[in-house]
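Student: First the structure, then my questions, so here it is.
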Amino acid sequence: MPHLFDPDYFRGKHVFIAGGTTGINQGIGHGFARMGANISTCSRKAENVEAAIAGFKSEGVDAIGATADVRDYEQVAYALKTAVQSLGPIDVLISGAAGNFVVPALGMSANAFKTVMDIDLQGTFNVFRAGHEHLNTDSPSGASCIAISAPQGLIPYGLQSHVCAAKAGVEMLAQCLAVEWGPLNVRVNTIVPGPIADTEGMRRLSTDEVRKKDAGMGLPIQRYGTKQEIADACIFLSSPAAAYITGISLPVDGGCLLMGAGRMQESLNAAFEASKQASNQAGS
Ligand code: HXC
């Protein structure tokens, strides 16, 4: 399919994606790679890193990865440093690693809450804080930092207090960094993906029955989104077309946010019931 942007626009540029070995984030890597960018990434599982790197290279670009947990600042800093040694300064820095499980606040321990805060919010701080010194700030449209947020950052859902708190923090962190780093020629934005097909998020936050029930959860755009559509939004935000855009939160969600908690809450409730039944069966 023809693409709006010059297919070679990112040729030779360096895109680092924390958590870019699976799901939406891997799709973002492929989107940039198809436009010529060299890709670096980190995630917790070495086998995922290896497989993702092979995939990016199959697009005809250079790629490198490291095993790192975004909760550990030193690991993130090391992954960034080795990426820059191989691929040069970073033009686009994406923080996408996330953790989630569906449970009420009264069903989670303090450590369960902290785990998600650490992955989603502290992890985003770690990636941006450690990545800043490696950004290429020479381009006229500035270096582009993007945090992958979620509808949970903007509206409350039951069974998601940890993720809602963490993603709301990500939204505010991105805006604060946009204020501080704008004068340094760094733009910081977030993307808010709605329900995206074939992702770990949707497997966790819904059930087979919910996904089969109707087209795209009854959203205004009546289908699930694709990973390429999230990649396209990242490409736009990292292009000269977005040179004057910083501190925004860009929903790419088929209208999900317009519906309030609505159908997403029903889906979360169904996922929670299914997980309770599964653990009852495992216990009996
Ligand atoms: C209650 C739970 C729980 C559950 C884990 N915990 N699952 N508590 N209900 N279902 C608790 C554990 O008991 C423990 O607390 C604490 O959380 C940490 O769990 P660990 O398994 O030790 O942590 P860890 O191995 O670091 O794994 C992190 C994880 C895991 C988040 C728990 O699920 C993970 O690795 N997820 C990564 C992939 C992922 O979640 N992807 C989906 C992102 S979806 P105690 O007190 O027992 O020590 C997303 C999109 C949202 O973000 C928006 C979509 C529209």
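Here, A, B, ... name the chains of the structure tokens in the order displayed, residue numbers run from 1 inside each chain, and ligands are numbered from 1 in the same displayed order.
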DSSP on the backbone, then: every residue of range 169-267 of chain A marked helix (DSSP H, G or I), written as a ChimeraX atom specification.

Tutor: /A:169-184,200-205,208-213,215-218,227-237,240-242,256-259,262-267

Student: Using only C-alpha atoms and all ligand atoms, what are the residues with an atom within 7 Å of ligand 1, set out as a ChimeraX atom specification?

Tutor: /A:98-103,107-113,115-116,150-152,193-195,200-202,204

Student: May I have the residues within 10 Å of range 187-189 of chain A as number ranges by chain, using only C-alpha atoms and disregarding those fewer than 4 positions away in the same chain?

Tutor: A: 92-94, 128, 137, 141-149, 171, 173-183, 234, 237-238, 242-250

Student: Neighbours of Val210 in chain A within 10 Å (only C-alpha atoms; same-chain residues fewer than 2 positions away dropped), as a list in words?

Tutor: Leu205, Ser206, Thr207, Asp208, Lys212, Lys213, Asp214, Ala215, Gly216, Met217, Arg263, Met264, Glu266, Ser267, Leu268, Ala270 and Ala271 of chain A

Student: Create the file for the chosen residues now, containing N, CA, C and O atoms and written as a PDB file, in the first residue's frame.

Tutor:
ATOM      1  N   LEU A 205      -6.694  -8.359  28.471  1.00  0.00           N
ATOM      2  CA  LEU A 205      -7.779  -7.458  28.868  1.00  0.00           C
ATOM      3  C   LEU A 205      -9.130  -7.850  28.297  1.00  0.00           C
ATOM      4  O   LEU A 205     -10.112  -7.146  28.502  1.00  0.00           O
ATOM      5  N   SER A 206      -9.182  -8.962  27.560  1.00  0.00           N
ATOM      6  CA  SER A 206     -10.476  -9.396  27.047  1.00  0.00           C
ATOM      7  C   SER A 206     -10.478 -10.927  26.989  1.00  0.00           C
ATOM      8  O   SER A 206      -9.536 -11.561  27.442  1.00  0.00           O
ATOM      9  N   THR A 207     -11.543 -11.490  26.439  1.00  0.00           N
ATOM     10  CA  THR A 207     -11.637 -12.949  26.299  1.00  0.00           C
ATOM     11  C   THR A 207     -11.956 -13.253  24.832  1.00  0.00           C
ATOM     12  O   THR A 207     -12.356 -12.357  24.074  1.00  0.00           O
ATOM     13  N   ASP A 208     -11.824 -14.530  24.462  1.00  0.00           N
ATOM     14  CA  ASP A 208     -12.167 -14.928  23.082  1.00  0.00           C
ATOM     15  C   ASP A 208     -13.605 -14.517  22.762  1.00  0.00           C
ATOM     16  O   ASP A 208     -13.895 -14.025  21.677  1.00  0.00           O
ATOM     17  N   LYS A 212     -14.854 -12.046  19.829  1.00  0.00           N
ATOM     18  CA  LYS A 212     -15.680 -12.525  18.714  1.00  0.00           C
ATOM     19  C   LYS A 212     -17.028 -11.811  18.650  1.00  0.00           C
ATOM     20  O   LYS A 212     -17.673 -11.771  17.615  1.00  0.00           O
ATOM     21  N   LYS A 213     -17.458 -11.241  19.797  1.00  0.00           N
ATOM     22  CA  LYS A 213     -18.844 -10.773  19.924  1.00  0.00           C
ATOM     23  C   LYS A 213     -19.244  -9.760  18.852  1.00  0.00           C
ATOM     24  O   LYS A 213     -20.235  -9.930  18.173  1.00  0.00           O
ATOM     25  N   ASP A 214     -18.515  -8.714  18.705  1.00  0.00           N
ATOM     26  CA  ASP A 214     -18.849  -7.792  17.627  1.00  0.00           C
ATOM     27  C   ASP A 214     -17.614  -7.030  17.181  1.00  0.00           C
ATOM     28  O   ASP A 214     -16.560  -7.119  17.801  1.00  0.00           O
ATOM     29  N   ALA A 215     -17.802  -6.313  16.085  1.00  0.00           N
ATOM     30  CA  ALA A 215     -16.651  -5.691  15.445  1.00  0.00           C
ATOM     31  C   ALA A 215     -16.053  -4.635  16.363  1.00  0.00           C
ATOM     32  O   ALA A 215     -16.701  -3.643  16.700  1.00  0.00           O
ATOM     33  N   GLY A 216     -14.816  -4.854  16.764  1.00  0.00           N
ATOM     34  CA  GLY A 216     -14.062  -3.828  17.482  1.00  0.00           C
ATOM     35  C   GLY A 216     -14.755  -3.244  18.686  1.00  0.00           C
ATOM     36  O   GLY A 216     -14.740  -2.031  18.891  1.00  0.00           O
ATOM     37  N   MET A 217     -15.353  -4.111  19.528  1.00  0.00           N
ATOM     38  CA  MET A 217     -15.904  -3.674  20.817  1.00  0.00           C
ATOM     39  C   MET A 217     -16.954  -2.579  20.686  1.00  0.00           C
ATOM     40  O   MET A 217     -17.131  -1.777  21.617  1.00  0.00           O
ATOM     41  N   ARG A 263     -17.458  -0.146  26.839  1.00  0.00           N
ATOM     42  CA  ARG A 263     -17.255  -1.535  26.461  1.00  0.00           C
ATOM     43  C   ARG A 263     -15.931  -2.089  26.956  1.00  0.00           C
ATOM     44  O   ARG A 263     -15.795  -3.282  27.199  1.00  0.00           O
ATOM     45  N   MET A 264     -14.935  -1.224  27.094  1.00  0.00           N
ATOM     46  CA  MET A 264     -13.650  -1.699  27.602  1.00  0.00           C
ATOM     47  C   MET A 264     -13.816  -2.241  29.024  1.00  0.00           C
ATOM     48  O   MET A 264     -13.233  -3.258  29.388  1.00  0.00           O
ATOM     49  N   GLU A 266     -16.534  -3.593  30.252  1.00  0.00           N
ATOM     50  CA  GLU A 266     -17.201  -4.907  30.136  1.00  0.00           C
ATOM     51  C   GLU A 266     -16.177  -5.979  29.797  1.00  0.00           C
ATOM     52  O   GLU A 266     -16.219  -7.091  30.306  1.00  0.00           O
ATOM     53  N   SER A 267     -15.267  -5.617  28.910  1.00  0.00           N
ATOM     54  CA  SER A 267     -14.237  -6.564  28.494  1.00  0.00           C
ATOM     55  C   SER A 267     -13.322  -6.922  29.670  1.00  0.00           C
ATOM     56  O   SER A 267     -12.981  -8.087  29.898  1.00  0.00           O
ATOM     57  N   LEU A 268     -12.946  -5.913  30.450  1.00  0.00           N
ATOM     58  CA  LEU A 268     -12.092  -6.151  31.626  1.00  0.00           C
ATOM     59  C   LEU A 268     -12.816  -7.037  32.643  1.00  0.00           C
ATOM     60  O   LEU A 268     -12.220  -7.956  33.221  1.00  0.00           O
ATOM     61  N   ALA A 270     -15.112  -9.225  32.027  1.00  0.00           N
ATOM     62  CA  ALA A 270     -15.158 -10.599  31.501  1.00  0.00           C
ATOM     63  C   ALA A 270     -13.803 -11.283  31.677  1.00  0.00           C
ATOM     64  O   ALA A 270     -13.725 -12.461  32.048  1.00  0.00           O
ATOM     65  N   ALA A 271     -12.725 -10.523  31.437  1.00  0.00           N
ATOM     66  CA  ALA A 271     -11.375 -11.110  31.573  1.00  0.00           C
ATOM     67  C   ALA A 271     -11.125 -11.497  33.024  1.00  0.00           C
ATOM     68  O   ALA A 271     -10.535 -12.548  33.313  1.00  0.00           O
TER      69      ALA A 271
END

Student: Counting only C-alpha atoms, which of A:Tyr73, A:Thr21, A:Cys42, A:Asp198 gets nearest to Gly55 in chain A?

Tutor: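 Closest to Gly55 in chain A, using only C-alpha atoms: A:Thr21.
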
Student: Take CA of Pro156 in chain A and CA of Pro220 in chain A and report the distance between them in Å, one decimal.

Tutor: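 Spanning CA of Pro156 in chain A to CA of Pro220 in chain A is a straight-line distance of 19.8 Å.
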
Student: Which residue gives the smallest distance to Gly131 in chain A among A:Gly153, A:Gly36, A:Pro89, A:Gly262, with only C-alpha atoms counted?

Tutor: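 The answer is A:Pro89, which sits nearest to Gly131 in chain A.
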
Student: Please identify which residues in range 108-259 of chain A DSSP calls strand (DSSP E or B) from the backbone, and express them as a list in words.

Tutor: Leu135, Ala143, Ser144, Cys145, Ile146, Ala147, Ile148, Val186, Arg187, Val188, Asn189, Thr190, Ile191, Val192, Pro193, Ile196, Gly225, Ser249, Leu250, Pro251 and Val252 of chain A

Student: Which residues come within 8 Å of range 44-49 of chain A, counting only C-alpha atoms, excluding same-chain residues fewer than 2 positions away, as a PyMOL selection string?

Tutor: chain A and resi 21-22+41-42+51-53+65-69

Student: Could you please take those selected residues and save N, CA, C and O atoms as a tab-separated table (two decimals), in the first residue's frame?

Tutor:
chain	number	residue	atom	x	y	z
A	21	THR	N	10.32	-5.89	21.46
A	21	THR	CA	10.51	-7.25	20.94
A	21	THR	C	9.19	-7.97	20.71
A	21	THR	O	9.18	-9.07	20.15
A	22	THR	N	8.08	-7.41	21.18
A	22	THR	CA	6.78	-8.06	20.98
A	22	THR	C	5.70	-7.00	20.75
A	22	THR	O	5.89	-5.81	21.03
A	41	THR	N	16.69	-2.15	20.41
A	41	THR	CA	15.63	-2.45	21.37
A	41	THR	C	16.20	-3.12	22.59
A	41	THR	O	17.36	-3.55	22.60
A	42	CYS	N	15.40	-3.20	23.64
A	42	CYS	CA	15.75	-4.02	24.81
A	42	CYS	C	14.48	-4.60	25.39
A	42	CYS	O	13.41	-4.00	25.28
A	51	ALA	N	15.00	-12.94	18.47
A	51	ALA	CA	14.01	-13.13	17.38
A	51	ALA	C	13.61	-11.78	16.77
A	51	ALA	O	13.49	-11.65	15.55
A	52	ALA	N	13.41	-10.79	17.62
A	52	ALA	CA	12.98	-9.48	17.11
A	52	ALA	C	14.07	-8.85	16.23
A	52	ALA	O	13.77	-8.28	15.17
A	53	ILE	N	15.32	-8.98	16.67
A	53	ILE	CA	16.42	-8.40	15.90
A	53	ILE	C	16.49	-9.05	14.51
A	53	ILE	O	16.66	-8.37	13.49
A	65	GLY	N	20.11	-5.46	19.78
A	65	GLY	CA	19.28	-5.50	20.97
A	65	GLY	C	20.06	-5.94	22.19
A	65	GLY	O	21.15	-6.49	22.09
A	66	ALA	N	19.48	-5.65	23.36
A	66	ALA	CA	20.11	-6.06	24.61
A	66	ALA	C	19.02	-6.56	25.56
A	66	ALA	O	17.87	-6.15	25.46
A	67	THR	N	19.43	-7.43	26.45
A	67	THR	CA	18.51	-7.88	27.48
A	67	THR	C	18.54	-6.86	28.61
A	67	THR	O	19.60	-6.58	29.17
A	68	ALA	N	17.40	-6.29	28.92
A	68	ALA	CA	17.35	-5.30	30.01
A	68	ALA	C	15.92	-5.21	30.51
A	68	ALA	O	14.96	-5.34	29.75
A	69	ASP	N	15.80	-5.00	31.81
A	69	ASP	CA	14.50	-4.77	32.45
A	69	ASP	C	14.37	-3.26	32.66
A	69	ASP	O	15.24	-2.65	33.31

Student: Excluding Ala18 in chain A and residues on its chain fewer than 2 positions from it, collect all residues at most 8 Å away from it, counting only C-alpha atoms, and give them as a ChimeraX atom specification.

Tutor: /A:16,20,25,41-43,70,94-97,127

Student: Could you list, as a list in words, every residue within 8 Å of Gly29 in chain A, counting only C-alpha atoms and ignoring same-chain residues fewer than 2 positions away?

Tutor: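 In the requested form, the answer reads Val15, Ile17, Gly20, Asn25, Gln26, Gly27, Gly31, Phe32, Ala33, Ile39, Phe56 and Ala231 of chain A.
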